[in-house]
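Visitor: Pasting a structure here, questions to come.
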Amino acid sequence: AQKVTQTQTSISVVEKTTVTMDCVYETRDSSYFLFWYKQTASGEIVFLIRQDSYKKENATVGHYSLNFQKPKSSIGLIITATQIEDSAVYFCAMREGGTGGYKVVFGSGTRLLVSP
Amino acid sequence: EAAVTQSPRNKVAVTGGKVTLSCNQTNNHNNMYWYRQDTGHGLRLIHYSYGAGSTEKGDIPDGYKASRPSQENFSLILELATPSQTSVYFCASGDARQGFTEVFFGKGTRLTVV
């Protein structure tokens with residue numbers, strides 16, 4: 001069964017620095033999709049970035065980028081030049097491949113605190 | 001923009017009572033999901049659906065039922081609510097018919113069972 005694990009419960013950084021959040025996953029599929037989401041203080045959950053398993057290039061969106069290490073079943077989120085407003089809970093998620101109905105499963109989340 | 005609306009946003013229920021949480025999406029997405037969020041557990045999948053009339057068990061389905069009467073609506077039903085079901089529930093939708101991007105979340109429903 002698919003599984004997503006985030007071992008870092010919380011991380012604290014000073015603004016303008018770079019932070020990396022870890023995520024490892026388990027799947028039997030050869031094709032899958034990996035995502036990172038952000039939950040703000042208001043509780044809203046928003047999509048940040050995605051990596052398709054068949055793509056070798058790491059995805060980048062704004063100041064978010066991914067470190068995809070397929071042999072290690074790892075998908076790290078890198079936030080460069082962190083800002084105070086990046087303080088939030090970050091979730092890693094995975095969807096296995098195929099068409100039609102599919103599960104999307106999430107990790108337990110990593111709380112990021114960015115301080116001045 | 002993708003829109004997922006949950007109702008109610010807050011609910012207090014009595015132990016043993018029936019609770020129905022509703023979700024409506026205007027995205028014409030075929031897939032819909034119900035998750036619960038508890039401290040230390042992240043988002044756990046309860047039920048999901050890949051179209052009207054279908055429901056599938058997620059990872060923690062015990063004590064919950066789901067109903068997908070139409071493309072737009074997906075309900076989560078607690079027939080006999082228990083205090084352990086006190087949580088924040090999120091509905092989400094996603095579409096795989098033309099490739100796949102991400103799932104879109106509603107704002108959540110805070111359920112307290114007393």
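Chain labels A, B, ... are given in the sequence in which chains occur in the structure tokens; within each chain residues are numbered consecutively from 1, and ligands are likewise numbered from 1 in the order shown.
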Can you list, as a VMD selection string, every protein, DNA or RNA residue that comes within 7 Å of Asn67 of chain A when you count only C-alpha atoms, leaving out same-chain residues fewer than 3 positions away?
Guide: chain A and resid 58 75 to 77
Visitor: Any chance you could export the current selection's N, CA, C and O atoms as a compact mmCIF listing (two decimals), in the first residue's frame?
Guide:
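Output file part-v1.txt follows:
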```txt
# COMPACT_ATOMS: atom_id res chain seq x y z
N ASN A 58 14.17 18.03 -11.55
CA ASN A 58 13.47 18.47 -10.34
C ASN A 58 12.57 19.65 -10.65
O ASN A 58 12.98 20.61 -11.31
N ILE A 75 11.47 12.68 -1.72
CA ILE A 75 11.09 13.90 -2.40
C ILE A 75 11.17 15.05 -1.40
O ILE A 75 10.21 15.33 -0.66
N GLY A 76 12.28 15.73 -1.37
CA GLY A 76 12.46 16.84 -0.44
C GLY A 76 11.96 18.15 -1.02
O GLY A 76 12.06 18.38 -2.22
N LEU A 77 11.43 19.00 -0.15
CA LEU A 77 11.00 20.35 -0.56
C LEU A 77 12.05 21.33 -0.08
O LEU A 77 12.40 21.34 1.10
```
Visitor: Might you pull out every residue within 12 Å of Ala59 of chain A, with only C-alpha atoms counted and same-chain residues fewer than 2 positions away left off, and present them as a list in words?
Guide: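 Once the nearby chain positions are removed, what remains is Phe33, Leu34, Phe35, Trp36, Leu48, Ile49, Arg50, Gln51, Asp52, Ser53, Tyr54, Lys55, Lys56, Glu57, Val61, Gly62, His63, Tyr64, Ser65, Leu66, Asn67, Phe68, Ile75, Gly76, Leu77 and Ile78 of chain A.
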Visitor: Take the residues just selected and output them with N, CA and C atoms as a JSON list (two decimals), in the first residue's frame.
Guide:
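And here is the file that came out, part.json:
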```json
[["chain", "number", "residue", "atom", "x", "y", "z"],
["A", 33, "PHE", "N", 2.74, 10.28, -8.78],
["A", 33, "PHE", "CA", 2.88, 11.73, -8.71],
["A", 33, "PHE", "C", 3.10, 12.13, -7.26],
["A", 34, "LEU", "N", 3.97, 13.07, -7.06],
["A", 34, "LEU", "CA", 4.29, 13.54, -5.71],
["A", 34, "LEU", "C", 3.99, 15.02, -5.61],
["A", 35, "PHE", "N", 3.47, 15.44, -4.47],
["A", 35, "PHE", "CA", 3.04, 16.82, -4.28],
["A", 35, "PHE", "C", 3.50, 17.35, -2.93],
["A", 36, "TRP", "N", 3.58, 18.66, -2.87],
["A", 36, "TRP", "CA", 3.73, 19.35, -1.59],
["A", 36, "TRP", "C", 2.62, 20.38, -1.47],
["A", 48, "LEU", "N", 1.40, 23.51, -3.71],
["A", 48, "LEU", "CA", 2.62, 24.26, -3.98],
["A", 48, "LEU", "C", 3.32, 23.79, -5.25],
["A", 49, "ILE", "N", 3.61, 22.49, -5.33],
["A", 49, "ILE", "CA", 4.50, 22.01, -6.37],
["A", 49, "ILE", "C", 4.30, 20.51, -6.55],
["A", 50, "ARG", "N", 4.63, 20.02, -7.74],
["A", 50, "ARG", "CA", 4.38, 18.62, -8.09],
["A", 50, "ARG", "C", 5.59, 18.04, -8.83],
["A", 51, "GLN", "N", 5.81, 16.75, -8.64],
["A", 51, "GLN", "CA", 6.85, 16.01, -9.37],
["A", 51, "GLN", "C", 6.24, 14.75, -9.95],
["A", 52, "ASP", "N", 6.38, 14.55, -11.25],
["A", 52, "ASP", "CA", 5.94, 13.32, -11.89],
["A", 52, "ASP", "C", 7.09, 12.32, -11.83],
["A", 53, "SER", "N", 6.79, 11.09, -11.50],
["A", 53, "SER", "CA", 7.84, 10.11, -11.26],
["A", 53, "SER", "C", 8.71, 9.82, -12.48],
["A", 54, "TYR", "N", 8.16, 10.02, -13.69],
["A", 54, "TYR", "CA", 8.90, 9.70, -14.89],
["A", 54, "TYR", "C", 9.82, 10.85, -15.33],
["A", 55, "LYS", "N", 9.71, 11.97, -14.66],
["A", 55, "LYS", "CA", 10.55, 13.11, -15.02],
["A", 55, "LYS", "C", 11.83, 13.13, -14.16],
["A", 56, "LYS", "N", 12.95, 13.27, -14.81],
["A", 56, "LYS", "CA", 14.22, 13.29, -14.09],
["A", 56, "LYS", "C", 14.54, 14.67, -13.54],
["A", 57, "GLU", "N", 14.02, 15.71, -14.19],
["A", 57, "GLU", "CA", 14.32, 17.06, -13.74],
["A", 57, "GLU", "C", 13.52, 17.37, -12.49],
["A", 61, "VAL", "N", 9.07, 25.92, -8.72],
["A", 61, "VAL", "CA", 8.01, 26.92, -8.84],
["A", 61, "VAL", "C", 8.34, 28.06, -7.88],
["A", 62, "GLY", "N", 8.68, 29.20, -8.44],
["A", 62, "GLY", "CA", 9.02, 30.34, -7.58],
["A", 62, "GLY", "C", 10.19, 30.00, -6.68],
["A", 63, "HIS", "N", 10.03, 30.21, -5.37],
["A", 63, "HIS", "CA", 11.14, 29.90, -4.48],
["A", 63, "HIS", "C", 11.01, 28.51, -3.84],
["A", 64, "TYR", "N", 10.14, 27.68, -4.47],
["A", 64, "TYR", "CA", 10.03, 26.28, -4.07],
["A", 64, "TYR", "C", 10.70, 25.40, -5.12],
["A", 65, "SER", "N", 11.44, 24.43, -4.68],
["A", 65, "SER", "CA", 12.00, 23.44, -5.60],
["A", 65, "SER", "C", 12.01, 22.08, -4.90],
["A", 66, "LEU", "N", 12.16, 21.06, -5.71],
["A", 66, "LEU", "CA", 12.15, 19.70, -5.19],
["A", 66, "LEU", "C", 13.48, 19.02, -5.39],
["A", 67, "ASN", "N", 13.80, 18.13, -4.47],
["A", 67, "ASN", "CA", 14.97, 17.26, -4.61],
["A", 67, "ASN", "C", 14.44, 15.84, -4.72],
["A", 68, "PHE", "N", 14.25, 15.38, -5.93],
["A", 68, "PHE", "CA", 13.66, 14.08, -6.20],
["A", 68, "PHE", "C", 14.76, 13.04, -6.34],
["A", 75, "ILE", "N", 11.47, 12.68, -1.72],
["A", 75, "ILE", "CA", 11.09, 13.90, -2.40],
["A", 75, "ILE", "C", 11.17, 15.05, -1.40],
["A", 76, "GLY", "N", 12.28, 15.73, -1.37],
["A", 76, "GLY", "CA", 12.46, 16.84, -0.44],
["A", 76, "GLY", "C", 11.96, 18.15, -1.02],
["A", 77, "LEU", "N", 11.43, 19.00, -0.15],
["A", 77, "LEU", "CA", 11.00, 20.35, -0.56],
["A", 77, "LEU", "C", 12.05, 21.33, -0.08],
["A", 78, "ILE", "N", 12.49, 22.17, -1.01],
["A", 78, "ILE", "CA", 13.49, 23.20, -0.69],
["A", 78, "ILE", "C", 12.84, 24.56, -0.85]]
```
Visitor: Give me the residues within 12 Å of Asp22 of chain A as an MDAnalysis selection string, counting only C-alpha atoms and dropping any in the same chain fewer than 3 places off.
Guide: chainID A and resid 4:11 19 25 36 66:69 72:79 90:93 107:111
Visitor: Select residues of chain B: the criterion is any atom within 9 Å of an atom of chain A, counting only C-alpha atoms; output as a PyMOL selection string.
Guide: chain B and resi 30-31+33+39-45+48-51+56+58-59+95-97+99-108
Visitor: Write the residues of the preceding selection, restricted to C-alpha atoms, as an mmCIF file, in the first residue's frame.
Guide:
```cif
data_model
loop_
_atom_site.group_PDB
_atom_site.id
_atom_site.type_symbol
_atom_site.label_atom_id
_atom_site.label_comp_id
_atom_site.auth_asym_id
_atom_site.auth_seq_id
_atom_site.Cartn_x
_atom_site.Cartn_y
_atom_site.Cartn_z
ATOM 1 C CA ASN B 30 -14.479 13.180 -11.188
ATOM 2 C CA ASN B 31 -12.539 12.384 -8.018
ATOM 3 C CA TYR B 33 -12.044 12.798 -1.130
ATOM 4 C CA THR B 39 -2.537 16.573 15.555
ATOM 5 C CA GLY B 40 0.362 14.258 14.837
ATOM 6 C CA HIS B 41 -1.443 12.362 12.100
ATOM 7 C CA GLY B 42 -1.616 14.826 9.259
ATOM 8 C CA LEU B 43 -4.362 14.228 6.717
ATOM 9 C CA ARG B 44 -5.790 10.727 6.757
ATOM 10 C CA LEU B 45 -7.993 9.475 3.937
ATOM 11 C CA TYR B 48 -12.949 8.693 -1.838
ATOM 12 C CA SER B 49 -14.962 8.524 -5.043
ATOM 13 C CA TYR B 50 -14.139 8.446 -8.723
ATOM 14 C CA GLY B 51 -17.563 9.449 -9.984
ATOM 15 C CA GLU B 56 -14.207 3.630 -2.081
ATOM 16 C CA GLY B 58 -9.642 4.980 2.237
ATOM 17 C CA ASP B 59 -7.184 4.172 4.981
ATOM 18 C CA ASP B 95 -9.513 15.329 -12.005
ATOM 19 C CA ALA B 96 -7.587 12.690 -13.914
ATOM 20 C CA ARG B 97 -9.395 12.758 -17.224
ATOM 21 C CA GLY B 99 -3.817 14.452 -17.145
ATOM 22 C CA PHE B 100 -3.547 15.135 -13.467
ATOM 23 C CA THR B 101 -2.518 18.209 -11.550
ATOM 24 C CA GLU B 102 -3.445 18.373 -7.919
ATOM 25 C CA VAL B 103 -6.398 18.104 -5.570
ATOM 26 C CA PHE B 104 -8.220 21.191 -4.377
ATOM 27 C CA PHE B 105 -9.371 21.459 -0.802
ATOM 28 C CA GLY B 106 -12.373 22.933 0.913
ATOM 29 C CA LYS B 107 -11.958 25.080 4.019
ATOM 30 C CA GLY B 108 -12.706 22.263 6.429
#
```
Visitor: Quick one, how far is atom CA of Gln85 of chain B from atom CA of Gln39 of chain A?
Guide: 21.4 Å
Visitor: Going by DSSP on the backbone, which residues of chain B come out as strand (DSSP E or B)? List them as a ChimeraX atom specification.
Guide: /B:4-7,10-13,19-25,31-38,42-49,56-57,65-67,73,75-78,87-94,97,99,104-105,109-113
Visitor: Do a neighbour search on Pro83 of chain B at 8 Å with only C-alpha atoms, toss out local chain neighbours closer than 6 positions, and write the hits as a PyMOL selection string.
Guide: chain B and resi 15+112-114
Visitor: Give me, as a count of residues only, all polymer residues having an atom no more than 7 Å from Lys16 of chain A, counting only C-alpha atoms and skipping those fewer than 2 positions away in the same chain.
Guide: 5
